[in-house]
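Chemist: Following this message is one structure expressed as structure tokens.
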Amino acid sequence: MTEVFDGDPGFIIRPYQLADRQGVRAIYGSDEFARPDLQRKYPRMGEYLADSMSHYTDYEPESAFVAEAQGEVVGALLGAVDTARCERVYRRHIRPLLIRRCLSGAYGWPGWVLPILRTEWASRHTVYPDVALRQYPAHLHIGVLPLWRRRGIGAALMTCYEEYLCQRGVAGFHLYASSFHPLGVAFYRKLGLEDLGQFEWRLHDGLQWQRVTEHIFGSRLDGPQRRSLGAESSAPEMTPRVT
């Protein structure tokens, strides 16, 4: 399934392939919103970040989609049809991988670990709203390279993913968006997703504590609450056709 556009915006949306792995890792290995200064100090932290997302490409690649432009991956949506299963895979395979690689020195000098551990320790007091996984079982992450933002790639990736979920009979999906990424929060609101709640947590960025508001959005795909696919695209002049 490849998504093509009338008006030729310069990119295509297609399913993830193994050859895309490094391009996707480059996108998700960047911490430009949460801890950019820490990553500049410890650049190999990016390998840790990319590994932490590898369960999507390595264990459920069929639910991932990429935006390709000029032969390069410029955006990627990483999805999971069953959130509960994805969490089990993370605990069983990915978290042990992160620990092994950190202890082996694969991520360089782990000066960046302490802020992450401090954040995890502080989160033990966080109250997380329940997400109804029967109604919103799937979830997703979207990443787009800076030079390719505001060109309709995010909306196109969402349209492709929603069509994929509908074809599989998935009831709906949810996602999280942090207040330190206001463009992401605004993007999901513009898409017309349901507001499923929010909660507060604290993040240590390597220098100081930040208060973060985490927004939870979702969409039902199996009933009258279903939104029109692509209805709020940021590039309304582009008409998608899935082939």
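Chain labels A, B, ... are given in the sequence in which chains occur in the structure tokens; within each chain residues are numbered consecutively from 1, and ligands are likewise numbered from 1 in the order shown.
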What are the closest atom pairs, with distances in Å to one decimal, for each residue of segment 32-110 of chain A lying within 8 Å of segment 195-219 of chain A, using only C-alpha atoms, rows by chain and rising residue number, as a Markdown table?
Modeler:
| residue | atom | partner | partner_atom | distance |
| --- | --- | --- | --- | --- |
| A:Ala34 | CA | A:Asp205 | CA | 6.8 |
| A:Arg35 | CA | A:Asp205 | CA | 5.1 |
| A:Asp37 | CA | A:Gly206 | CA | 7.9 |
| A:Leu38 | CA | A:Gly206 | CA | 6.0 |
Chemist: DSSP on the backbone: which residues in segment 11-223 of chain A end up as strand (DSSP E or B)? Give the answer as a short mmCIF file (atom, residue, chain, number, x, y, z; two decimals) with C-alpha atoms, in the first residue's frame.
Modeler:
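Done, and the output landed in selection05.cif:
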data_model
loop_
_atom_site.label_atom_id
_atom_site.label_comp_id
_atom_site.auth_asym_id
_atom_site.auth_seq_id
_atom_site.Cartn_x
_atom_site.Cartn_y
_atom_site.Cartn_z
CA ILE A 12 5.23 9.25 -0.99
CA ILE A 13 3.88 7.29 1.95
CA ARG A 14 4.55 3.55 1.88
CA PRO A 15 4.92 0.57 4.23
CA ALA A 64 5.05 0.96 10.43
CA PHE A 65 4.91 3.42 7.52
CA VAL A 66 7.46 5.84 6.13
CA ALA A 67 7.48 9.03 4.11
CA GLU A 68 10.07 8.88 1.34
CA ALA A 69 11.42 11.90 -0.54
CA GLU A 72 15.44 9.12 1.69
CA VAL A 73 13.22 8.42 4.69
CA VAL A 74 12.03 11.83 5.90
CA GLY A 75 9.23 10.74 8.20
CA ALA A 76 8.01 7.61 9.93
CA LEU A 77 4.96 6.38 11.78
CA LEU A 78 5.59 3.51 14.20
CA GLY A 79 2.43 1.73 15.25
CA ALA A 80 1.21 -1.22 17.27
CA ALA A 138 -3.73 0.43 18.87
CA HIS A 139 -1.24 3.26 19.37
CA LEU A 140 1.36 5.13 17.35
CA HIS A 141 4.30 7.55 17.24
CA ILE A 142 5.08 10.00 14.42
CA GLY A 143 8.46 11.55 13.63
CA VAL A 144 9.32 13.86 10.73
CA GLY A 172 -9.47 2.46 17.42
CA PHE A 173 -6.14 3.93 18.48
CA HIS A 174 -4.65 6.29 21.02
CA LEU A 175 -1.43 8.30 21.39
CA TYR A 176 0.41 10.56 23.80
CA ALA A 177 1.70 14.08 23.16
CA SER A 178 3.89 16.01 25.62
CA GLU A 194 -10.79 12.81 20.76
CA ASP A 195 -9.35 14.18 23.99
CA LEU A 196 -9.01 11.13 26.25
CA GLY A 197 -7.47 12.96 29.19
CA GLN A 198 -4.17 14.29 30.46
CA PHE A 199 -1.81 13.97 33.41
CA GLU A 200 1.17 15.80 34.90
CA TRP A 201 4.66 14.39 35.33
CA ARG A 202 8.19 15.67 35.92
CA LEU A 203 11.14 15.31 33.55
CA HIS A 204 14.77 15.90 34.47
CA TRP A 209 13.34 19.56 36.47
CA GLN A 210 10.55 20.38 34.04
CA ARG A 211 6.84 20.03 34.66
CA VAL A 212 5.21 18.27 31.73
CA THR A 213 1.55 17.92 30.77
CA GLU A 214 0.92 14.70 28.86
CA HIS A 215 -2.09 14.79 26.55
CA ILE A 216 -3.85 11.59 25.50
CA PHE A 217 -5.66 11.60 22.16
CA GLY A 218 -7.60 8.86 20.44
CA SER A 219 -9.95 7.96 17.64
CA ARG A 220 -12.63 5.29 17.24
#
Chemist: Mind checking which residues fall within 9 Å of Tyr59 of chain A, counting only C-alpha atoms, ignoring those fewer than 3 positions away in the same chain, and posting them as a PDB file with C-alpha atoms, in the first residue's frame?
Modeler:
ATOM      1  CA  SER A  54      13.142  -0.819  17.990  1.00  0.00           C
ATOM      2  CA  HIS A  55      10.287  -3.078  19.083  1.00  0.00           C
ATOM      3  CA  TYR A  56       8.129  -1.403  16.407  1.00  0.00           C
ATOM      4  CA  GLU A  62       3.901  -4.424   9.257  1.00  0.00           C
ATOM      5  CA  CYS A  86       3.591  -4.249  22.524  1.00  0.00           C
ATOM      6  CA  VAL A  89       7.439  -7.300  23.965  1.00  0.00           C
TER       7      VAL A  89
END
Chemist: Quick one: distance from atom CA of Tyr128 of chain A to atom CA of Gly46 of chain A in Å, one decimal?
Modeler: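 Separation of atom CA of Tyr128 of chain A and atom CA of Gly46 of chain A: 27.1 Å.
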Chemist: What lies within 9 Å of Ile94 of chain A using only C-alpha atoms, ignoring chain neighbours under 2 positions off, as a ChimeraX atom specification?
Modeler: /A:51-55,89-92,96-99
Chemist: Take atom CA of Ser63 of chain A and atom CA of Ser179 of chain A and report the distance between them in Å, one decimal.
Modeler: 26.1 Å
Chemist: Take atom CA of Tyr42 of chain A and atom CA of Trp112 of chain A and report the distance between them in Å, one decimal.
Modeler: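 Rounded to one decimal, the two atoms are 6.8 Å apart.
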Chemist: Which is closer to Phe187 of chain A than all the others in A:Gly169, A:Arg44, A:Arg149, A:Gly105, using only C-alpha atoms?
Modeler: A:Arg149
Chemist: Identify which of the residues A:Thr119, A:Thr57, A:Thr83, A:Thr126 lies closest to Gln22 of chain A, counting only C-alpha atoms when measuring atom-to-atom distances.
Modeler: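 Comparing A:Thr119, A:Thr57, A:Thr83, A:Thr126 against Gln22 of chain A, the winner is A:Thr57.
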